[in-house]
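Below: model-v3.csv (CSV, C-alpha atoms)
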chain,number,residue,atom,x,y,z
M,1,MET,CA,0.0,0.0,0.0
M,2,PRO,CA,1.4,3.4,-0.9
M,3,GLU,CA,2.6,5.4,2.1
M,4,ASN,CA,0.0,8.2,1.8
M,5,GLU,CA,-2.9,5.9,1.3
M,6,GLN,CA,-5.1,5.6,4.4
M,7,PRO,CA,-5.9,2.0,5.3
M,8,TRP,CA,-9.3,2.8,6.9
M,9,PRO,CA,-12.2,5.1,5.8
M,10,SER,CA,-11.9,8.5,7.4
M,11,GLU,CA,-15.3,8.3,9.1
M,12,TRP,CA,-14.2,5.1,10.9
M,13,MET,CA,-11.0,6.9,12.0
M,14,ARG,CA,-12.9,9.9,13.3
M,15,GLY,CA,-14.9,7.7,15.6
M,16,VAL,CA,-12.1,5.8,17.1
M,17,LEU,CA,-9.1,8.2,17.0
M,18,GLY,CA,-9.8,9.8,20.4
M,19,ALA,CA,-9.8,6.4,22.1
M,20,CYS,CA,-6.7,5.3,20.3
M,21,VAL,CA,-4.8,8.5,21.2
M,22,LEU,CA,-5.9,8.0,24.9
M,23,ARG,CA,-4.6,4.5,24.6
M,24,THR,CA,-1.1,5.6,23.4
M,25,LEU,CA,-1.0,8.0,26.4
M,26,SER,CA,-1.7,5.2,28.9
M,27,ASP,CA,1.9,3.9,28.4
M,28,GLY,CA,3.3,7.1,29.8
M,29,PRO,CA,4.0,10.7,28.7
M,30,ILE,CA,4.4,11.0,25.0
M,31,TYR,CA,4.7,13.9,22.5
M,32,GLY,CA,2.6,14.6,19.4
M,33,TYR,CA,4.8,13.2,16.6
M,34,SER,CA,5.5,10.0,18.7
M,35,ILE,CA,1.8,9.5,19.1
M,36,ALA,CA,1.4,9.7,15.3
M,37,GLN,CA,4.2,7.2,14.9
M,38,ARG,CA,2.7,4.8,17.4
M,39,LEU,CA,-0.7,4.9,15.6
M,40,ALA,CA,1.0,4.3,12.2
M,41,GLU,CA,2.9,1.3,13.6
M,42,ALA,CA,-0.4,-0.1,15.0
M,43,GLY,CA,-1.7,-0.1,11.4
M,44,LEU,CA,-4.1,2.8,11.8
M,45,GLY,CA,-2.4,4.8,9.0
M,46,THR,CA,-0.9,8.3,8.9
M,47,VAL,CA,-2.5,10.8,11.3
M,48,LYS,CA,-1.6,14.3,10.2
M,49,GLY,CA,-0.7,17.0,12.6
M,50,GLY,CA,-3.7,19.0,11.4
M,51,THR,CA,-5.9,16.2,12.8
M,52,LEU,CA,-3.9,15.1,15.8
M,53,TYR,CA,-3.2,18.4,17.6
M,54,PRO,CA,-6.7,19.8,17.5
M,55,LEU,CA,-7.8,16.4,19.0
M,56,LEU,CA,-5.2,16.6,21.7
M,57,THR,CA,-6.4,20.2,22.5
M,58,ARG,CA,-10.0,18.9,22.8
M,59,LEU,CA,-8.8,16.0,25.1
M,60,GLU,CA,-6.9,18.6,27.2
M,61,LYS,CA,-10.0,20.8,27.4
M,62,ALA,CA,-12.1,17.9,28.5
M,63,GLY,CA,-9.7,17.4,31.4
M,64,TRP,CA,-8.6,13.9,30.3
M,65,VAL,CA,-5.1,15.0,29.3
M,66,THR,CA,-2.6,17.4,30.6
M,67,ALA,CA,0.6,18.6,28.9
M,68,GLU,CA,4.0,19.9,29.8
M,69,TRP,CA,6.9,21.2,27.7
M,70,ARG,CA,10.3,19.4,27.9
M,71,ALA,CA,13.6,20.2,26.3
M,72,GLY,CA,14.2,18.2,23.1
M,73,ASP,CA,17.0,15.8,22.5
M,74,GLY,CA,19.3,18.1,20.6
M,75,GLY,CA,16.3,19.5,18.6
M,76,PRO,CA,13.3,21.6,19.3
M,77,GLY,CA,11.5,21.2,22.6
M,78,ARG,CA,8.6,18.7,22.8
M,79,LYS,CA,5.2,19.0,24.4
M,80,TYR,CA,4.5,15.8,26.3
M,81,TYR,CA,0.9,14.7,27.0
M,82,LEU,CA,-0.1,12.8,30.0
M,83,LEU,CA,-3.3,11.1,31.1
M,84,THR,CA,-5.1,12.6,34.1
M,85,ASP,CA,-7.1,10.4,36.5
M,86,GLU,CA,-10.3,11.4,34.6
M,87,GLY,CA,-8.5,10.4,31.4
M,88,VAL,CA,-7.7,6.9,32.7
M,89,ALA,CA,-11.3,6.4,33.7
M,90,GLU,CA,-12.5,7.7,30.3
M,91,LEU,CA,-10.1,5.3,28.5
M,92,ALA,CA,-11.3,2.4,30.5
M,93,SER,CA,-14.9,3.3,29.8
M,94,LEU,CA,-14.2,3.9,26.1
M,95,SER,CA,-12.2,0.6,25.7
M,96,LEU,CA,-15.1,-1.4,27.2
M,97,GLN,CA,-17.7,0.4,25.0
M,98,TRP,CA,-15.6,0.0,21.9
M,99,ALA,CA,-15.0,-3.7,22.5
M,100,ARG,CA,-18.7,-4.3,22.9
M,101,PHE,CA,-19.4,-2.3,19.7
M,102,ALA,CA,-16.7,-4.1,17.8
M,103,ASP,CA,-18.1,-7.5,18.9
M,104,LEU,CA,-21.6,-6.6,18.1
M,105,THR,CA,-20.7,-5.3,14.7
M,106,ARG,CA,-18.6,-8.4,13.9
M,107,ASP,CA,-21.3,-10.7,15.0
M,108,PHE,CA,-23.9,-8.8,13.1
M,109,MET,CA,-21.9,-8.8,9.9
M,110,ALA,CA,-21.1,-12.5,10.2
M,111,ALA,CA,-24.8,-13.4,10.9
M,112,ASP,CA,-25.9,-11.2,8.0
M,113,GLY,CA,-23.5,-13.0,5.8
M,114,ARG,CA,-24.7,-16.4,6.8
M,115,ARG,CA,-28.3,-15.4,6.4
M,116,SER,CA,-27.6,-14.1,2.8
M,117,ALA,CA,-25.8,-17.4,2.0
M,118,THR,CA,-28.7,-19.5,3.3
M,119,THR,CA,-31.3,-17.4,1.4
M,120,SER,CA,-29.3,-17.8,-1.9
M,121,GLU,CA,-29.1,-21.6,-1.4
M,122,GLU,CA,-32.9,-21.9,-0.7
M,123,GLU,CA,-33.7,-19.9,-3.8
M,124,SER,CA,-31.6,-22.1,-6.1
U,1,MET,CA,14.1,24.5,32.1
U,2,ARG,CA,17.0,24.8,29.7
U,3,LEU,CA,16.2,24.8,26.0
U,4,PRO,CA,18.8,23.4,23.8
U,5,THR,CA,17.1,24.5,20.6
U,6,LYS,CA,17.6,27.1,17.9
U,7,ILE,CA,14.9,29.2,19.5
U,8,SER,CA,16.9,30.5,22.4
U,9,ASN,CA,19.9,31.1,20.2
U,10,ARG,CA,18.1,33.2,17.6
U,11,PRO,CA,19.2,36.7,17.5
U,12,ARG,CA,16.7,39.3,18.7
U,13,SER,CA,16.6,40.8,15.2
U,14,ALA,CA,15.0,37.6,13.8
U,15,SER,CA,11.4,37.8,12.8
U,16,LEU,CA,8.8,36.4,15.2
U,17,GLU,CA,8.3,33.4,12.9
U,18,GLU,CA,12.0,32.7,12.8
U,19,GLN,CA,12.3,33.1,16.6
U,20,PHE,CA,9.4,30.9,17.6
U,21,ALA,CA,9.2,28.4,14.6
U,22,PRO,CA,12.6,28.2,12.9
U,23,ASN,CA,11.9,24.8,11.3
U,24,VAL,CA,8.6,26.0,9.7
U,25,ASP,CA,8.1,27.8,6.4
U,26,ARG,CA,8.2,31.5,7.3
U,27,LYS,CA,5.1,32.4,5.3
U,28,TRP,CA,3.1,29.6,6.8
U,29,ALA,CA,4.1,30.4,10.3
U,30,GLY,CA,3.4,34.1,9.7
U,31,ASP,CA,-0.1,33.3,8.4
U,32,LEU,CA,-0.8,31.1,11.4
U,33,LEU,CA,0.5,33.8,13.8
U,34,LEU,CA,-1.6,36.4,12.1
U,35,GLU,CA,-4.7,34.2,12.2
U,36,MET,CA,-4.4,33.5,15.9
U,37,ARG,CA,-3.8,37.2,16.6
U,38,MET,CA,-6.9,38.1,14.7
U,39,GLN,CA,-8.9,35.5,16.7
U,40,GLY,CA,-7.7,37.3,19.9
U,41,VAL,CA,-5.6,34.3,21.1
U,42,ASP,CA,-3.2,35.3,23.9
U,43,GLY,CA,0.5,35.5,23.3
U,44,ALA,CA,1.5,32.5,25.5
U,45,ARG,CA,-0.9,30.2,23.6
U,46,ILE,CA,0.4,31.5,20.3
U,47,GLY,CA,3.9,30.8,21.3
U,48,SER,CA,3.0,27.3,22.4
U,49,VAL,CA,1.1,26.5,19.2
U,50,LEU,CA,4.1,27.7,17.1
U,51,ALA,CA,6.5,25.7,19.1
U,52,GLU,CA,4.5,22.5,18.7
U,53,VAL,CA,4.2,23.0,15.0
U,54,ASP,CA,7.9,23.6,14.8
U,55,SER,CA,8.7,20.6,16.9
U,56,HIS,CA,6.4,18.3,14.7
U,57,CYS,CA,7.9,19.6,11.5
U,58,ALA,CA,11.5,19.2,12.8
U,59,GLU,CA,10.8,15.6,13.9
U,60,SER,CA,8.8,14.5,10.9
U,61,GLY,CA,10.7,16.4,8.2
U,62,GLU,CA,7.3,17.3,6.7
U,63,SER,CA,6.4,20.8,5.6
U,64,ALA,CA,3.8,22.6,7.7
U,65,GLN,CA,1.5,22.8,4.8
U,66,SER,CA,1.6,19.1,4.3
U,67,ALA,CA,1.3,18.2,8.0
U,68,PHE,CA,-1.2,20.8,9.1
U,69,GLY,CA,-2.9,22.1,5.9
U,70,ASP,CA,-4.1,25.7,5.6
U,71,PRO,CA,-2.9,27.8,8.6
U,72,ALA,CA,-6.2,29.6,9.0
U,73,VAL,CA,-8.1,26.4,9.0
U,74,TYR,CA,-5.7,24.8,11.5
U,75,ALA,CA,-5.9,27.9,13.8
U,76,ALA,CA,-9.7,27.6,13.7
U,77,SER,CA,-9.6,23.9,14.4
U,78,LEU,CA,-7.7,24.3,17.6
U,79,ASP,CA,-10.7,26.3,18.9
U,80,LEU,CA,-8.4,28.2,21.4
U,81,PRO,CA,-9.9,30.6,23.9
U,82,SER,CA,-9.9,34.2,22.6
U,83,ASN,CA,-9.9,37.6,24.2
U,84,THR,CA,-13.6,38.4,24.6
U,85,HIS,CA,-12.8,42.1,25.4
U,86,MET,CA,-11.0,42.6,22.1
U,87,THR,CA,-13.5,45.2,20.8
U,88,ARG,CA,-13.6,47.1,24.1
U,89,ASP,CA,-9.7,47.1,24.2
U,90,MET,CA,-9.6,48.3,20.6
U,91,LEU,CA,-12.0,51.2,21.3
U,92,ARG,CA,-10.0,52.1,24.4
U,93,ALA,CA,-6.9,52.2,22.3
U,94,VAL,CA,-8.3,54.4,19.6
U,95,PHE,CA,-10.2,57.0,21.8
U,96,PRO,CA,-6.9,58.9,22.5
U,97,VAL,CA,-6.0,58.8,18.8
U,98,MET,CA,-9.4,60.4,17.9
U,99,VAL,CA,-8.7,63.2,20.3
U,100,GLN,CA,-5.3,63.7,18.8
U,101,LEU,CA,-6.7,63.7,15.3
U,102,VAL,CA,-9.2,66.4,16.2
U,103,GLY,CA,-6.4,68.4,17.7
U,104,MET,CA,-4.3,67.9,14.5
U,105,LEU,CA,-7.1,69.1,12.2
U,106,LEU,CA,-7.7,72.2,14.4
U,107,ILE,CA,-4.0,73.1,14.4
U,108,LEU,CA,-3.6,72.6,10.6
U,109,TRP,CA,-6.7,74.5,9.6
U,110,SER,CA,-6.1,77.5,11.9
U,111,PHE,CA,-2.3,77.6,11.2
U,112,THR,CA,-2.9,78.6,7.5
U,113,ASP,CA,-5.2,81.4,8.6
U,114,TRP,CA,-2.8,82.6,11.3
U,115,ARG,CA,0.0,82.8,8.7
U,116,ARG,CA,-2.2,84.8,6.4
U,117,GLY,CA,-3.4,87.0,9.2
U,118,GLU,CA,-7.0,86.1,8.5
U,119,PRO,CA,-9.7,84.9,11.0
U,120,PHE,CA,-10.2,81.2,11.3
U,121,GLU,CA,-13.4,80.1,9.6
U,122,LEU,CA,-14.8,76.7,10.5
U,123,THR,CA,-16.8,75.4,7.5
U,124,ALA,CA,-19.5,72.8,7.5
U,125,GLY,CA,-17.4,70.7,5.2
U,126,SER,CA,-14.5,70.7,7.7
U,127,VAL,CA,-16.8,69.7,10.5
U,128,LEU,CA,-18.2,66.9,8.4
U,129,LEU,CA,-14.7,65.7,7.5
U,130,ALA,CA,-13.7,65.6,11.2
U,131,ALA,CA,-16.9,63.8,12.2
U,132,VAL,CA,-16.5,61.2,9.4
U,133,LEU,CA,-12.8,60.6,10.3
U,134,VAL,CA,-13.6,60.1,14.0
U,135,GLY,CA,-16.5,57.8,13.1
U,136,GLU,CA,-14.4,55.8,10.7
U,137,ILE,CA,-11.7,55.2,13.3
U,138,ALA,CA,-14.3,53.9,15.7
U,139,LEU,CA,-15.7,51.7,13.0
U,140,LEU,CA,-12.2,50.4,12.1
U,141,ALA,CA,-11.7,49.5,15.8
U,142,LEU,CA,-15.0,47.7,15.9
U,143,CYS,CA,-14.4,45.7,12.7
U,144,ALA,CA,-10.6,45.4,13.1
U,145,GLN,CA,-10.5,41.7,12.5
U,146,ARG,CA,-12.4,41.9,9.2
U,147,VAL,CA,-10.5,45.0,8.1
U,148,VAL,CA,-7.1,43.3,8.8
U,149,ARG,CA,-8.2,40.2,7.0
U,150,PHE,CA,-9.2,42.2,3.9
U,151,VAL,CA,-6.0,44.2,3.9
U,152,VAL,CA,-3.8,41.0,4.2
U,153,LYS,CA,-5.7,39.1,1.5
U,154,ARG,CA,-6.2,42.0,-0.9
U,155,PRO,CA,-3.4,44.5,-0.4
U,156,VAL,CA,-3.8,46.1,-3.9
U,157,TRP,CA,-7.6,46.5,-3.5
U,158,SER,CA,-7.0,48.0,0.0
U,159,VAL,CA,-4.7,50.7,-1.5
U,160,VAL,CA,-7.3,51.4,-4.2
U,161,VAL,CA,-10.2,51.6,-1.6
U,162,PHE,CA,-8.1,53.9,0.6
U,163,MET,CA,-7.2,56.2,-2.3
U,164,VAL,CA,-10.8,56.5,-3.6
U,165,HIS,CA,-12.1,57.0,0.0
U,166,THR,CA,-9.6,59.8,0.6
U,167,GLY,CA,-10.6,61.5,-2.6
U,168,ILE,CA,-14.3,61.2,-1.8
U,169,LEU,CA,-13.7,62.5,1.8
U,170,ALA,CA,-11.9,65.6,0.4
U,171,VAL,CA,-14.9,66.7,-1.8
U,172,PRO,CA,-17.3,68.0,0.9
U,173,ALA,CA,-14.3,69.7,2.8
U,174,VAL,CA,-13.5,71.6,-0.4
U,175,LEU,CA,-17.0,72.3,-1.8
U,176,TRP,CA,-19.1,72.7,1.3
U,177,THR,CA,-17.8,76.1,2.5
U,178,THR,CA,-20.8,77.3,4.5
U,179,SER,CA,-19.3,79.0,7.6
U,180,VAL,CA,-20.2,77.4,10.9
U,181,ALA,CA,-18.1,79.6,13.2
U,182,GLU,CA,-15.4,82.2,13.0
U,183,PHE,CA,-12.8,83.1,15.6
U,184,GLN,CA,-9.2,84.1,16.0
U,185,PRO,CA,-6.8,81.5,14.6
U,186,MET,CA,-4.8,81.5,17.9
U,187,TRP,CA,-7.9,80.0,19.6
U,188,GLY,CA,-7.8,77.1,17.1
U,189,LEU,CA,-4.1,76.6,17.6
U,190,GLY,CA,-4.5,76.7,21.4
U,191,VAL,CA,-7.5,74.3,21.5
U,192,GLY,CA,-5.8,72.0,18.9
U,193,THR,CA,-2.6,71.9,20.8
U,194,ALA,CA,-4.4,71.2,24.1
U,195,ALA,CA,-6.4,68.4,22.5
U,196,MET,CA,-3.2,66.9,21.0
U,197,ALA,CA,-1.5,67.0,24.4
U,198,ALA,CA,-4.5,65.6,26.2
U,199,GLY,CA,-4.7,62.7,23.6
U,200,ILE,CA,-1.0,61.8,24.1
U,201,GLY,CA,-1.3,62.0,27.9
U,202,TRP,CA,-4.5,59.8,27.7
U,203,GLU,CA,-2.6,57.3,25.5
U,204,PHE,CA,0.3,57.1,28.0
U,205,ILE,CA,-2.1,56.6,31.0
U,206,ALA,CA,-4.1,54.0,29.1
U,207,ARG,CA,-0.9,52.0,28.4
U,208,ALA,CA,0.4,52.3,31.9
U,209,GLY,CA,-2.9,51.1,33.3
U,210,THR,CA,-2.8,47.9,31.3
U,211,GLN,CA,-0.6,45.1,32.7
U,212,THR,CA,0.3,43.5,29.4
U,213,PRO,CA,-0.6,46.2,26.8
U,214,ASP,CA,1.0,44.3,23.9
U,215,ASP,CA,0.3,40.8,25.0
U,216,PRO,CA,3.7,39.5,23.7
U,217,ILE,CA,4.2,36.1,22.2
U,218,GLU,CA,5.9,33.9,24.8
U,219,SER,CA,7.9,30.8,24.3
U,220,PRO,CA,6.7,27.8,26.3
U,221,PHE,CA,10.2,27.5,27.7
U,222,ASP,CA,11.7,29.6,30.5
U,223,ASP,CA,14.5,30.9,28.4
U,224,GLY,CA,12.9,30.5,25.0
U,225,GLY,CA,12.4,34.2,24.5
U,226,SER,CA,9.6,36.6,24.3
U,227,SER,CA,8.5,39.4,22.0
U,228,ARG,CA,7.9,41.4,25.1
U,229,GLU,CA,11.1,43.5,25.1
U,230,PRO,CA,11.9,45.0,21.8
U,231,GLY,CA,15.5,46.0,21.0
U,232,GLY,CA,16.7,49.5,20.5
U,233,ARG,CA,15.0,49.9,17.1
U,234,GLY,CA,11.8,48.4,18.5
U,235,LYS,CA,11.7,50.8,21.4
U,236,ALA,CA,12.4,53.7,19.1
U,237,LEU,CA,9.5,52.6,16.8
U,238,LYS,CA,7.2,52.4,19.8
U,239,VAL,CA,8.0,55.9,20.9
U,240,LEU,CA,7.6,57.0,17.2
U,241,LEU,CA,4.2,55.4,17.0
U,242,THR,CA,3.0,57.1,20.2
U,243,PHE,CA,4.0,60.5,18.8
U,244,GLN,CA,3.0,59.8,15.3
U,245,THR,CA,0.1,62.4,15.3
U,246,PRO,CA,2.3,65.3,16.5
U,247,ILE,CA,5.1,64.2,14.1
U,248,VAL,CA,2.7,64.2,11.1
U,249,THR,CA,1.2,67.5,12.3
U,250,ALA,CA,4.7,69.0,12.5
U,251,LEU,CA,5.5,67.8,9.0
U,252,PHE,CA,2.3,69.3,7.6
U,253,LEU,CA,3.0,72.6,9.4
U,254,VAL,CA,6.5,72.8,7.9
U,255,ILE,CA,5.0,72.2,4.4
U,256,THR,CA,2.2,74.8,5.1
U,257,TRP,CA,4.8,77.3,6.3
U,258,TRP,CA,6.8,76.7,3.1
U,259,PHE,CA,3.8,77.3,0.8
U,260,THR,CA,2.4,80.3,2.7
U,261,ARG,CA,5.7,82.3,2.9
Can you dump the structure from the file as structure tokens?
Amino acid sequence: MPENEQPWPSEWMRGVLGACVLRTLSDGPIYGYSIAQRLAEAGLGTVKGGTLYPLLTRLEKAGWVTAEWRAGDGGPGRKYYLLTDEGVAELASLSLQWARFADLTRDFMAADGRRSATTSEEES
Amino acid sequence: MRLPTKISNRPRSASLEEQFAPNVDRKWAGDLLLEMRMQGVDGARIGSVLAEVDSHCAESGESAQSAFGDPAVYAASLDLPSNTHMTRDMLRAVFPVMVQLVGMLLILWSFTDWRRGEPFELTAGSVLLAAVLVGEIALLALCAQRVVRFVVKRPVWSVVVFMVHTGILAVPAVLWTTSVAEFQPMWGLGVGTAAMAAGIGWEFIARAGTQTPDDPIESPFDDGGSSREPGGRGKALKVLLTFQTPIVTALFLVITWWFTR
């Protein structure tokens, strides 16, 4: 797949990106570009700065994330994001909800597939 | 916190974009800065946003345009808190200028008559001109964001509009010569000078009464610099701007003196 091509439809990504970003923060303080790299490594595709930082700002406003500036490693400084206690609780809640949603969707799609196959066989 | 970056090592003469976002395309950073200023975002937040964009571009090697898209759209998407008193602050800033402007007009109009030894005649056109100018300054302060946006996006059109507007404004002053009042030119000079002095004093007091009158852009780092303290040239420019009305008035007086010899 070409580097710039997104593996998932953008509307799917919009729904899940907040939870995924919170998940990357649960491993410890992390800065913006590193979050984007982690998401790309996980197979979620390239998340542009223009999408990532406004999202981080929203998470910060919601009180789920806090940020602090640290000196960079021989380069520009970095803004590190950390999960707050409310953020940890939100991530736990979102993870559960998302798992249930993913299970439900998978089961529904599979059941729908089986039903379609059965109907086709009966018709023939 | 020590900052081992290019930011702290930038010379003070560097532009704000170079000082706060040295790894970002200068025009892009300038557009982002301008957009946030127009939204009324405070200087500390602007510094932080610029530093984060700079950090991302330096790490990823991407251009700001590619990573963040249009700077105006990006600034809007951050939905940063803006100064809700922007209009009030602007009006407070321009009131002293209005008083100075009225003083300037009185001095200039009465000076010519004083040179010629004639009484100062205040015409209806002149009063209209002064009223329109004062009204326009207030309107500019109220719609500052839209005006700046227009000037930045359409500089040529802005010059055309300004020229046409100046021409139209001069018409009633020249043609509508109905006398409204007549008095000794020294009165005009005295009242004009008093108004000018009062306007300048008001401006100084207004500035001193505000804690951060210029709301400088601040680096998120302790030693990352600030646009708070301008260098020698910057300070000279600030003084020059405070005294711009008397300086312009003095220039016009010299020209008038020359032509009425």
Problem - Shell of 7 Å around region 40-55 of chain M, only C-alpha atoms, local chain residues under 3 positions omitted, as a PyMOL selection string - result: (chain M and resi 6-7+36-37+58-59) or (chain U and resi 67-69+74+77-78)
Practice task
Give as a VMD selection string every residue of chain U that touches chain M within 10 Å, counting only C-alpha atoms.
Solution key: chain U and resid 1 to 7 21 to 23 48 to 49 51 to 60 62 64 to 71 73 to 80 220 to 221 224
Exercise for the section: Between CA of Ile255 (chain U) and CA of Pro119 (chain U), measure the distance and give it in Å to one decimal. Expected result: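 Result for CA of Ile255 (chain U) versus CA of Pro119 (chain U): 20.5 Å, one decimal.
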Fill in the blank from the handout: Expressed in Å, the length from CA of Thr84 (chain M) to CA of Trp64 (chain M) is 5.3 Å
Problem - Shell around region 249-253 of chain U at 8 Å using only C-alpha atoms, local window under 2 positions removed, as an MDAnalysis selection string - result: chainID U and resid 104 107:108 111 245:247 255:257
Handout entry: Distance in Å - CA of Pro81 (chain U) versus CA of Arg149 (chain U)
Key =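 CA of Arg149 (chain U) lies at a distance of 19.5 Å from CA of Pro81 (chain U).
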Practice task
Please provide as JSON, numbers by chain all residues within 8 Å of region 19-26 of chain M, with the sequence filter that same-chain residues fewer than 5 positions apart are discarded (counting only C-alpha atoms).
Solution key: {"M": [35, 38, 39, 81, 82, 83, 87, 88, 91, 94, 95]}
Problem - Top pick for closest residue to Met38 (chain U), considering U:Leu240, U:Ala93, U:Ala72, U:Ala206 and counting all atoms listed in the file - result: U:Ala72
Problem - Nearest to Ala198 (chain U), chosen from U:Ser158, U:Gly125, U:Lys153, U:Val97, with all atoms listed in the file counted in the distances - result: U:Val97
Exercise for the section: Determine the nearest neighbour of Arg115 (chain U) from the options U:Val171, U:Ile217, U:Val156, U:Met186, counting only C-alpha atoms. Expected result: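 Looking only at the distances to Arg115 (chain U), the closest residue turns out to be U:Met186.
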Problem - Who sits within 6 Å of region 39-46 of chain U, only C-alpha atoms, same chain under 5 positions skipped, as a PyMOL selection string - result: chain U and resi 82-83+215-218
Problem - Top pick for closest residue to Met98 (chain U), considering U:Glu203, U:Glu18, U:Glu182, U:Asp113 and counting only C-alpha atoms - result: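 Of U:Glu203, U:Glu18, U:Glu182, U:Asp113, the one nearest Met98 (chain U), counting only C-alpha atoms, is U:Glu203.
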Could you add the missing atoms to region 154-173 of chain U, up to N, CA and C atoms, and return them as a PDB file, in the frame of the given file?
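Saved file result02.pdb follows:
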ATOM      1  N   ARG U 154      -6.123  41.162   0.318  1.00  0.00           N
ATOM      2  CA  ARG U 154      -6.200  42.000  -0.900  1.00  0.00           C
ATOM      3  C   ARG U 154      -5.496  43.304  -0.712  1.00  0.00           C
ATOM      4  N   PRO U 155      -4.158  43.271  -0.667  1.00  0.00           N
ATOM      5  CA  PRO U 155      -3.400  44.500  -0.400  1.00  0.00           C
ATOM      6  C   PRO U 155      -3.594  45.567  -1.507  1.00  0.00           C
ATOM      7  N   VAL U 156      -3.647  45.127  -2.765  1.00  0.00           N
ATOM      8  CA  VAL U 156      -3.800  46.100  -3.900  1.00  0.00           C
ATOM      9  C   VAL U 156      -5.159  46.778  -3.790  1.00  0.00           C
ATOM     10  N   TRP U 157      -6.203  45.957  -3.582  1.00  0.00           N
ATOM     11  CA  TRP U 157      -7.600  46.500  -3.500  1.00  0.00           C
ATOM     12  C   TRP U 157      -7.651  47.453  -2.278  1.00  0.00           C
ATOM     13  N   SER U 158      -6.931  47.119  -1.215  1.00  0.00           N
ATOM     14  CA  SER U 158      -7.000  48.000   0.000  1.00  0.00           C
ATOM     15  C   SER U 158      -6.429  49.358  -0.328  1.00  0.00           C
ATOM     16  N   VAL U 159      -5.326  49.400  -1.094  1.00  0.00           N
ATOM     17  CA  VAL U 159      -4.700  50.700  -1.500  1.00  0.00           C
ATOM     18  C   VAL U 159      -5.720  51.466  -2.340  1.00  0.00           C
ATOM     19  N   VAL U 160      -6.350  50.756  -3.305  1.00  0.00           N
ATOM     20  CA  VAL U 160      -7.300  51.400  -4.200  1.00  0.00           C
ATOM     21  C   VAL U 160      -8.479  51.986  -3.379  1.00  0.00           C
ATOM     22  N   VAL U 161      -9.029  51.170  -2.471  1.00  0.00           N
ATOM     23  CA  VAL U 161     -10.200  51.600  -1.600  1.00  0.00           C
ATOM     24  C   VAL U 161      -9.748  52.830  -0.811  1.00  0.00           C
ATOM     25  N   PHE U 162      -8.536  52.797  -0.247  1.00  0.00           N
ATOM     26  CA  PHE U 162      -8.100  53.900   0.600  1.00  0.00           C
ATOM     27  C   PHE U 162      -7.954  55.193  -0.229  1.00  0.00           C
ATOM     28  N   MET U 163      -7.393  55.057  -1.450  1.00  0.00           N
ATOM     29  CA  MET U 163      -7.200  56.200  -2.300  1.00  0.00           C
ATOM     30  C   MET U 163      -8.562  56.855  -2.690  1.00  0.00           C
ATOM     31  N   VAL U 164      -9.474  55.988  -3.141  1.00  0.00           N
ATOM     32  CA  VAL U 164     -10.800  56.500  -3.600  1.00  0.00           C
ATOM     33  C   VAL U 164     -11.508  57.108  -2.365  1.00  0.00           C
ATOM     34  N   HIS U 165     -11.426  56.457  -1.218  1.00  0.00           N
ATOM     35  CA  HIS U 165     -12.100  57.000   0.000  1.00  0.00           C
ATOM     36  C   HIS U 165     -11.526  58.335   0.376  1.00  0.00           C
ATOM     37  N   THR U 166     -10.189  58.498   0.278  1.00  0.00           N
ATOM     38  CA  THR U 166      -9.600  59.800   0.600  1.00  0.00           C
ATOM     39  C   THR U 166     -10.063  60.880  -0.335  1.00  0.00           C
ATOM     40  N   GLY U 167     -10.151  60.517  -1.608  1.00  0.00           N
ATOM     41  CA  GLY U 167     -10.600  61.500  -2.600  1.00  0.00           C
ATOM     42  C   GLY U 167     -12.049  61.913  -2.329  1.00  0.00           C
ATOM     43  N   ILE U 168     -12.922  60.926  -2.038  1.00  0.00           N
ATOM     44  CA  ILE U 168     -14.300  61.200  -1.800  1.00  0.00           C
ATOM     45  C   ILE U 168     -14.448  62.112  -0.516  1.00  0.00           C
ATOM     46  N   LEU U 169     -13.623  61.788   0.478  1.00  0.00           N
ATOM     47  CA  LEU U 169     -13.700  62.500   1.800  1.00  0.00           C
ATOM     48  C   LEU U 169     -13.285  63.988   1.587  1.00  0.00           C
ATOM     49  N   ALA U 170     -12.410  64.244   0.629  1.00  0.00           N
ATOM     50  CA  ALA U 170     -11.900  65.600   0.400  1.00  0.00           C
ATOM     51  C   ALA U 170     -12.974  66.514  -0.228  1.00  0.00           C
ATOM     52  N   VAL U 171     -13.905  65.873  -0.967  1.00  0.00           N
ATOM     53  CA  VAL U 171     -14.900  66.700  -1.800  1.00  0.00           C
ATOM     54  C   VAL U 171     -15.721  67.600  -0.885  1.00  0.00           C
ATOM     55  N   PRO U 172     -16.445  67.094   0.154  1.00  0.00           N
ATOM     56  CA  PRO U 172     -17.300  68.000   0.900  1.00  0.00           C
ATOM     57  C   PRO U 172     -16.422  69.088   1.661  1.00  0.00           C
ATOM     58  N   ALA U 173     -15.180  68.713   2.066  1.00  0.00           N
ATOM     59  CA  ALA U 173     -14.300  69.700   2.800  1.00  0.00           C
ATOM     60  C   ALA U 173     -13.984  70.869   1.870  1.00  0.00           C
TER      61      ALA U 173
END
